[in-house]
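Asks: Before I ask anything, let me first share the structure, which is written out below as structure tokens.
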Amino acid sequence: MKFFGLALLVAACAGPKSPQDRLTVNDKQIDKIIAQMTLEEKVEMLHSKTNMSSAGVPRLGIADMNYADGPFGIREEGVPNGFQPAGWTLDSATYFPTGSALAATWSKEMAYLYGTGMGKEARLRGKDVILGPAVNIQRLPVGGRTYEYLSEDPALSALLSLYYTKGVQDQGTAVCIKHFAVNNQETNRGSVDAQVDERTLREIYLKPFERAVREGGAMSVMPAYNKVNGNYCSENEHLLNEILRGEWGFKGFTVSDWGGTHSTMGAMLHGLNVQMTGSNYLGQPVIDSIATGALTESLVDEKVRQILRVRYAIEVIPADVANTQMTSQPESQRIALKVAEKSIVLLKNQGGVLPLSKDIKKIAVIGQNAVLKTQSGGVGAGVKALYEITPLQGIQKRAGNSIEVVYAPGYKNFPGRRWGPAPTTVDPLVATAIDEPADPSLLAEAVAAARDADVVIFFGGTNKSIETEGSDRRDIKLPVGQETVVQALYEANPNLVTVLISGGPCDLQVLDQYSPAIVQGWWNGTEGGTALAEVLFGDIAPSGKLPFTFPVKLEDSPAFALGNFPNADPTGGDLFTERYRQDMAGQQGGRRAQRPSPESKYTEGSLVGYRWFDTKNVPVMYAFGHGLSYVDFAYGPMTVSAKKKAVKVTFDLTNNGSMPADEVVQLYVRRIGSKVEWPAKELKAFDRISLGAGETKTVTLEIPVDDLRYWNVDTNSWTLEHGQLELLLGSASDDIRQKAETKI
Ligand code: BGC
């Protein structure tokens, strides 16, 4: 049976009933193929072939499955058996804005476009499956992967996760949505047991996966490293078999996170298809277990069938067609720019410092975050970008010849853990500790530049060594004496704008006092500097909204306030690298060391992010959904219609400014007199509306009544509680413009 024949057959079949059902249209043919396969050939498909592929069956014309990291750009080609670069020349990709930046657009259109860019570039590289999107909830401000993930809110995360998935898969590439599930910390990520109650699991942590699978037809899923309620995700009956396949109707295959498979029987019986990487669990031991009768060959057939469904849904790119042109394409670069333009969040703008005045003749750009590239680092999510416009380059280009731009580093960069031998020379721009105080000579140079300029743009924040996979941040304080620097700059020249370059929130208690204007600039991809300059100079109005809360201080945030994180167990370190090596060693007969599994208790329940701050009346620095513009938007009176299937809210939105601008309108719900416990309010609908200067549009926001249900732990089902609701319409979670009551 030839592969292409079968691929065509998909198109010829009657339309599928659900997005997942499109995977089963070839099942009869697939079963015939499985009947021709030997047990050994089948088992070869259940584990890695190389670091980024799993095997097909050449004898039967079944191609290998090729994977690529995700989620912000197709990762450079590695050597077959590791992550080291292979040294290719055509594998430079488009670096898209990172997860929290995409989420700050609050735009399903942007998520879809982003997905199409990723999906197309994957095809150019002959990749079948993108290891992404990464859609876990941002539970901890310090989370090492907060920047990869989308939002602290499940509705926002879920909509973007759905559209990213559709975008990728509409290009004929499969997503591998990750990390399923409750992967919210890097501390002890290889063994931590996330203990979360069923209602919170369903309403908060699973939502982004559920929509991508059910509505987006996600073809593959990556179980996370951690345990959930006692069992590793890669062998978690409840997550993989009961919920994912049983309830959500998932028809594709699961791929363990790299080094995240833990046993043969657990993985085989409880929902894993492919061990990545190594074969010590899903290789020869499977064959041996069938010989002893512990496992059946029909279980292997089922797993192979699930893999083949995806194999046949994704067209194979022949080796002589793949990798013949550069991965990064202009079309994707334009998408990266569009997303970046819509992601930038204006947190504060006192005295209208922004947009920069047309009279400015000299700008002092201070801070290494203006020049450091953000494409690489952070481990798996690093991208070898074809190019990256840094903030300084963006500003210089936009300033042209008429405005002078001077730059001073201001502070040292903290590059984090170093691999290999310690450097023998001292680099005056590199710090050896994250809390190293400001360097007097760099400070003096920066202050002199600030004094001499019309405006100061200070670039603060973190970097991709501080926020990275494999470890969580110790705290959210600004590193390397940045607070001292911004204070000194402000004293030298109060016409100052701070731009934060980070993926997650920082503690702004000091910085806020010395920054009349603050912009959250993210790690914003290949065109990040261009987009930032457009916003600073007022070519476009800022329109991003925060996808997470900036707490006043870390200790205010739920998991910290309740002592749930960090927990006391000092297991320490990142087990991934160790496990990965042990699994590879296991193939040569080595044994894997056992590790204790510290518990991470989620006693805050659904009170994640703003749900906590609002319910407990804890003040925040910048609220979820916050983001200013250069224009004012007027919200007209809202009318409400509550029908059986949906609650609708309609109102007029006017741009009262003199330039085009987008507003993200947000609709929250508060329960009145409910017998069930709820957060103070929850986001239930939102939209991004583009308006020309002076333009008015009628906007309708719709909440499907199904989205108002709660997970009833007594009946184990989604339940609608009839009663009163308050609808809160606004521009941010702390900027509610109108309220109305309705009944469901
Ligand atoms: C990460 C995954 C990534 C995989 C392969 C793991 O360390 O957790 O997100 O896809 O490596 O690079």
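Identifiers in this document derive from the order of the structure tokens: chains are assigned A, B, ..., residues are numbered from 1 separately in each chain, and ligands are numbered from 1 in order of occurrence.
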Could you list, as an NGL selection string, every residue within 6 Å of Gly657 of chain A, counting only C-alpha atoms and ignoring same-chain residues fewer than 5 positions away?
Replies: :A and (631-632 or 693)
Asks: When the cut-off is 10 Å and you count only C-alpha atoms and all ligand atoms, which residues lie near ligand 1, shown as a PyMOL selection string?
Replies: chain A and resi 51-52+67-71+75+82-83+130-134+145+148+176-179+183+186+189-190+222-225+255-260+276-277+379-382+469-470+576-577+580
Asks: Produce a file of the selected residues containing C-alpha atoms, as a compact mmCIF listing (two decimals), in the first residue's frame.
Replies:
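Saved to out.txt:
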# COMPACT_ATOMS: atom_id res chain seq x y z
CA ASN A 51 15.90 12.26 19.12
CA MET A 52 13.21 13.86 16.95
CA TYR A 67 8.84 16.03 15.20
CA ALA A 68 10.02 19.61 15.72
CA ASP A 69 9.93 21.87 18.74
CA GLY A 70 7.66 24.43 18.95
CA PRO A 71 6.12 26.46 20.13
CA ARG A 75 13.66 24.47 16.08
CA GLY A 82 20.74 14.61 20.72
CA PHE A 83 19.85 18.26 20.85
CA ILE A 130 5.01 20.41 15.96
CA LEU A 131 5.70 19.94 19.67
CA GLY A 132 3.33 22.68 20.64
CA PRO A 133 1.39 24.76 21.38
CA ALA A 134 2.28 24.82 25.10
CA ARG A 145 7.76 28.26 31.45
CA GLU A 148 5.92 29.67 26.94
CA CYS A 176 1.30 17.92 19.72
CA ILE A 177 -0.40 19.94 22.38
CA LYS A 178 1.63 20.05 25.58
CA HIS A 179 2.16 19.46 28.47
CA ASN A 183 2.52 21.21 34.36
CA GLU A 186 9.73 23.43 36.82
CA ARG A 189 9.19 18.77 37.33
CA GLY A 190 10.31 15.23 36.65
CA MET A 222 2.25 15.26 24.97
CA PRO A 223 1.75 14.00 28.52
CA ALA A 224 3.71 16.14 30.97
CA TYR A 225 6.70 15.12 33.10
CA VAL A 255 4.06 11.17 22.88
CA SER A 256 5.77 11.29 26.25
CA ASP A 257 7.81 14.35 27.07
CA TRP A 258 11.49 13.65 26.45
CA GLY A 259 12.57 11.30 29.23
CA GLY A 260 9.06 11.30 30.72
CA MET A 276 10.36 9.75 23.63
CA THR A 277 13.13 9.09 23.83
CA VAL A 379 15.98 25.22 26.43
CA GLY A 380 13.46 23.47 24.10
CA ALA A 381 11.69 26.62 22.98
CA GLY A 382 14.78 28.37 21.61
CA GLU A 469 12.54 25.55 31.19
CA GLY A 470 14.12 23.38 33.88
CA PHE A 576 14.88 15.87 32.99
CA THR A 577 18.47 15.79 31.90
CA TYR A 580 16.86 11.46 29.65
Asks: Just how far from atom CA of Lys545 of chain A is atom CA of Gln520 of chain A, in Å to one decimal?
Replies: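 Computed distance, atom CA of Gln520 of chain A to atom CA of Lys545 of chain A, equals 9.5 Å.
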Asks: Just checking: using only C-alpha atoms, which residue out of A:Ala732, A:Val535, A:Leu201, A:Val168 ends up closest to Ala661 of chain A?
Replies: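 Going through A:Ala732, A:Val535, A:Leu201, A:Val168 one by one, the smallest distance to Ala661 of chain A is for A:Val535.
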Asks: Please identify all polymer residues within 8 Å of Ala408 of chain A, counting only C-alpha atoms, omitting same-chain residues fewer than 2 positions from it, and present them as a list in words.
Replies: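 Once the adjacent positions are removed, what remains is Ala364, Val365, Ile366, Gly367, Gln368, Val406, Gly410, Leu442, Glu445, Ala446 and Ala449 of chain A.
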Asks: Name the residues in contact with Ala488 of chain A at a cut-off of 10 Å, using only C-alpha atoms, excluding same-chain residues fewer than 6 positions from it; report them as JSON, numbers by chain.
Replies: {"A": [443, 444, 446, 447, 450, 482, 494, 514]}
Asks: I need the residues in segment 530-718 of chain A that are helix (DSSP H, G or I) according to DSSP; give them as a PyMOL selection string.
Replies: chain A and resi 530-536+554-556+558-561+575-586+610-615+705-708
Asks: With N, CA, C and O atoms retained, could you export that selection as a CSV table (one decimal), in the first residue's frame?
Replies:
chain,number,residue,atom,x,y,z
A,530,THR,N,10.8,46.1,15.7
A,530,THR,CA,10.1,46.9,14.8
A,530,THR,C,8.7,47.3,15.4
A,530,THR,O,8.3,48.5,15.4
A,531,ALA,N,8.1,46.3,15.9
A,531,ALA,CA,6.7,46.5,16.5
A,531,ALA,C,6.8,47.5,17.7
A,531,ALA,O,6.0,48.4,17.9
A,532,LEU,N,7.9,47.3,18.5
A,532,LEU,CA,8.0,48.2,19.7
A,532,LEU,C,8.2,49.6,19.3
A,532,LEU,O,7.6,50.5,19.9
A,533,ALA,N,9.1,49.9,18.3
A,533,ALA,CA,9.3,51.2,17.8
A,533,ALA,C,8.0,51.9,17.3
A,533,ALA,O,7.7,53.0,17.5
A,534,GLU,N,7.2,51.1,16.6
A,534,GLU,CA,6.0,51.6,16.1
A,534,GLU,C,5.1,52.1,17.2
A,534,GLU,O,4.4,53.1,17.1
A,535,VAL,N,5.1,51.3,18.3
A,535,VAL,CA,4.2,51.8,19.4
A,535,VAL,C,4.8,53.0,20.1
A,535,VAL,O,4.2,53.9,20.4
A,536,LEU,N,6.1,52.9,20.4
A,536,LEU,CA,6.8,54.0,21.1
A,536,LEU,C,6.6,55.4,20.4
A,536,LEU,O,6.4,56.4,20.9
A,554,LEU,N,5.4,39.0,45.2
A,554,LEU,CA,5.2,37.6,44.9
A,554,LEU,C,4.3,36.9,46.0
A,554,LEU,O,3.5,36.1,45.7
A,555,GLU,N,4.6,37.3,47.2
A,555,GLU,CA,3.9,36.6,48.4
A,555,GLU,C,2.4,36.8,48.3
A,555,GLU,O,1.7,36.1,49.0
A,556,ASP,N,1.9,37.8,47.6
A,556,ASP,CA,0.5,38.0,47.5
A,556,ASP,C,-0.2,36.9,46.6
A,556,ASP,O,-1.4,36.7,46.7
A,558,PRO,N,-1.5,33.5,44.9
A,558,PRO,CA,-2.2,32.4,45.6
A,558,PRO,C,-1.3,31.3,46.1
A,558,PRO,O,-1.3,30.9,47.3
A,559,ALA,N,-0.5,30.7,45.2
A,559,ALA,CA,0.2,29.5,45.6
A,559,ALA,C,1.3,29.9,46.7
A,559,ALA,O,1.6,29.1,47.6
A,560,PHE,N,1.7,31.1,46.7
A,560,PHE,CA,2.7,31.6,47.7
A,560,PHE,C,2.0,32.0,49.0
A,560,PHE,O,2.4,31.6,50.1
A,561,ALA,N,0.9,32.7,48.8
A,561,ALA,CA,0.1,33.1,50.0
A,561,ALA,C,-0.3,31.9,50.9
A,561,ALA,O,-0.3,32.0,52.1
A,575,LEU,N,15.2,17.1,36.9
A,575,LEU,CA,15.5,15.7,36.7
A,575,LEU,C,15.5,15.3,35.2
A,575,LEU,O,15.8,14.2,34.9
A,576,PHE,N,15.0,16.2,34.4
A,576,PHE,CA,14.9,15.9,33.0
A,576,PHE,C,16.2,15.4,32.4
A,576,PHE,O,16.2,14.3,31.8
A,577,THR,N,17.2,16.1,32.6
A,577,THR,CA,18.5,15.8,31.9
A,577,THR,C,19.0,14.4,32.4
A,577,THR,O,19.4,13.6,31.6
A,578,GLU,N,18.8,14.3,33.7
A,578,GLU,CA,19.2,13.0,34.3
A,578,GLU,C,18.4,11.8,33.8
A,578,GLU,O,18.9,10.8,33.3
A,579,ARG,N,17.1,12.0,33.8
A,579,ARG,CA,16.2,10.9,33.3
A,579,ARG,C,16.5,10.6,31.8
A,579,ARG,O,16.5,9.4,31.5
A,580,TYR,N,16.6,11.6,31.1
A,580,TYR,CA,16.9,11.5,29.6
A,580,TYR,C,18.1,10.6,29.4
A,580,TYR,O,18.1,9.6,28.7
A,581,ARG,N,19.2,11.0,30.2
A,581,ARG,CA,20.4,10.2,30.0
A,581,ARG,C,20.2,8.8,30.5
A,581,ARG,O,20.7,7.8,30.0
A,582,GLN,N,19.5,8.6,31.6
A,582,GLN,CA,19.3,7.3,32.2
A,582,GLN,C,18.5,6.4,31.2
A,582,GLN,O,18.8,5.2,31.1
A,583,ASP,N,17.5,7.0,30.5
A,583,ASP,CA,16.7,6.2,29.6
A,583,ASP,C,17.6,5.8,28.4
A,583,ASP,O,17.5,4.6,28.0
A,584,MET,N,18.5,6.7,28.0
A,584,MET,CA,19.4,6.3,26.9
A,584,MET,C,20.3,5.2,27.4
A,584,MET,O,20.5,4.2,26.8
A,585,ALA,N,20.8,5.4,28.6
A,585,ALA,CA,21.7,4.4,29.2
A,585,ALA,C,20.9,3.1,29.4
A,585,ALA,O,21.5,2.0,29.3
A,586,GLY,N,19.6,3.2,29.8
A,586,GLY,CA,18.8,2.0,30.0
A,586,GLY,C,18.8,1.1,28.8
A,586,GLY,O,18.7,-0.2,29.0
A,610,TYR,N,-6.1,36.3,38.7
A,610,TYR,CA,-7.1,37.3,39.2
A,610,TYR,C,-8.2,36.8,40.0
A,610,TYR,O,-8.9,37.4,40.8
A,611,ARG,N,-8.6,35.5,39.7
A,611,ARG,CA,-9.7,34.9,40.5
A,611,ARG,C,-9.4,35.0,42.0
A,611,ARG,O,-10.2,35.2,42.8
A,612,TRP,N,-8.1,34.8,42.4
A,612,TRP,CA,-7.6,34.9,43.7
A,612,TRP,C,-7.7,36.4,44.2
A,612,TRP,O,-8.3,36.7,45.2
A,613,PHE,N,-7.0,37.2,43.5
A,613,PHE,CA,-6.8,38.6,43.9
A,613,PHE,C,-8.2,39.3,44.1
A,613,PHE,O,-8.4,40.0,45.1
A,614,ASP,N,-9.1,39.0,43.2
A,614,ASP,CA,-10.4,39.6,43.2
A,614,ASP,C,-11.3,39.1,44.4
A,614,ASP,O,-11.9,39.8,45.1
A,615,THR,N,-11.2,37.7,44.5
A,615,THR,CA,-12.0,37.1,45.6
A,615,THR,C,-11.5,37.5,47.0
A,615,THR,O,-12.3,37.7,47.9
A,705,VAL,N,-24.3,29.1,27.0
A,705,VAL,CA,-24.7,28.7,28.4
A,705,VAL,C,-23.9,27.5,28.9
A,705,VAL,O,-23.6,27.5,30.1
A,706,ASP,N,-23.5,26.7,28.0
A,706,ASP,CA,-22.6,25.5,28.4
A,706,ASP,C,-21.4,26.0,29.1
A,706,ASP,O,-20.8,25.3,30.0
A,707,ASP,N,-20.9,27.2,28.8
A,707,ASP,CA,-19.7,27.7,29.4
A,707,ASP,C,-19.9,28.2,30.8
A,707,ASP,O,-19.0,28.6,31.5
A,708,LEU,N,-21.2,28.2,31.2
A,708,LEU,CA,-21.5,28.7,32.6
A,708,LEU,C,-21.7,27.5,33.5
A,708,LEU,O,-22.0,27.7,34.7
Asks: May I have the residues within 7 Å of Ser597 of chain A as a PyMOL selection string, using only C-alpha atoms and disregarding those fewer than 4 positions away in the same chain?
Replies: chain A and resi 191-193
Asks: Hey, which of A:Thr654, A:Asn463, A:Thr200, A:Asn226 ends up closest to Ala181 of chain A? Count only C-alpha atoms.
Replies: A:Asn226
Asks: A:Gly126, A:Trp678, A:Asn241, A:Glu599: which is nearest Asn188 of chain A, counting only C-alpha atoms?
Replies: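 Using only C-alpha atoms, the shortest distance to Asn188 of chain A belongs to A:Glu599.
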Asks: Name the residues of segment 132-380 of chain A that fall into strand (DSSP E) according to DSSP on the backbone, using the chain letters and numbers of this document, as number ranges by chain.
Replies: A: 174-180, 193-195, 220-223, 227-228, 231-232, 253-254, 345-349, 362-366
Asks: Could you give me, as a list in words, the residues within 12 Å of Gly538 of chain A, counting only C-alpha atoms and dropping anything in the same chain fewer than 4 positions from it?
Replies: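 Contacts, with the query itself left out: Glu341, Leu346, Gly352, Val353, Leu354, Pro355, Leu356, Ser357, Lys358, Arg398, Ala531, Leu532, Ala533, Glu534, Pro542, Ser543, Ser629, Tyr630, Val631, Ser658, Met659, Pro660 and Ala661 of chain A.
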Asks: Mind dumping the selected residues with C-alpha atoms as a tab-separated table (two decimals), in the first residue's frame?
Replies:
chain	number	residue	atom	x	y	z
A	341	GLU	CA	2.26	44.82	17.14
A	346	LEU	CA	0.97	49.94	27.78
A	352	GLY	CA	1.44	61.39	28.21
A	353	VAL	CA	5.15	60.58	27.90
A	354	LEU	CA	4.09	58.22	25.14
A	355	PRO	CA	3.87	58.36	22.23
A	356	LEU	CA	7.26	60.04	22.00
A	357	SER	CA	6.98	63.73	21.23
A	358	LYS	CA	7.62	64.80	17.64
A	398	ARG	CA	12.47	54.36	13.13
A	531	ALA	CA	6.73	46.55	16.53
A	532	LEU	CA	8.02	48.18	19.70
A	533	ALA	CA	9.32	51.23	17.83
A	534	GLU	CA	5.97	51.61	16.05
A	542	PRO	CA	-0.71	49.95	21.83
A	543	SER	CA	-3.46	47.37	22.15
A	629	SER	CA	-4.15	52.90	24.55
A	630	TYR	CA	-3.30	56.27	23.03
A	631	VAL	CA	-7.04	56.84	22.54
A	658	SER	CA	-7.57	60.79	16.60
A	659	MET	CA	-5.88	57.60	15.42
A	660	PRO	CA	-7.03	54.05	14.60
A	661	ALA	CA	-6.85	51.72	17.58
Asks: Counting only C-alpha atoms, what is within 7 Å of segment 262-265 of chain A, bar same-chain residues fewer than 6 positions away, as a PyMOL selection string?
Replies: chain A and resi 281-282+285-286
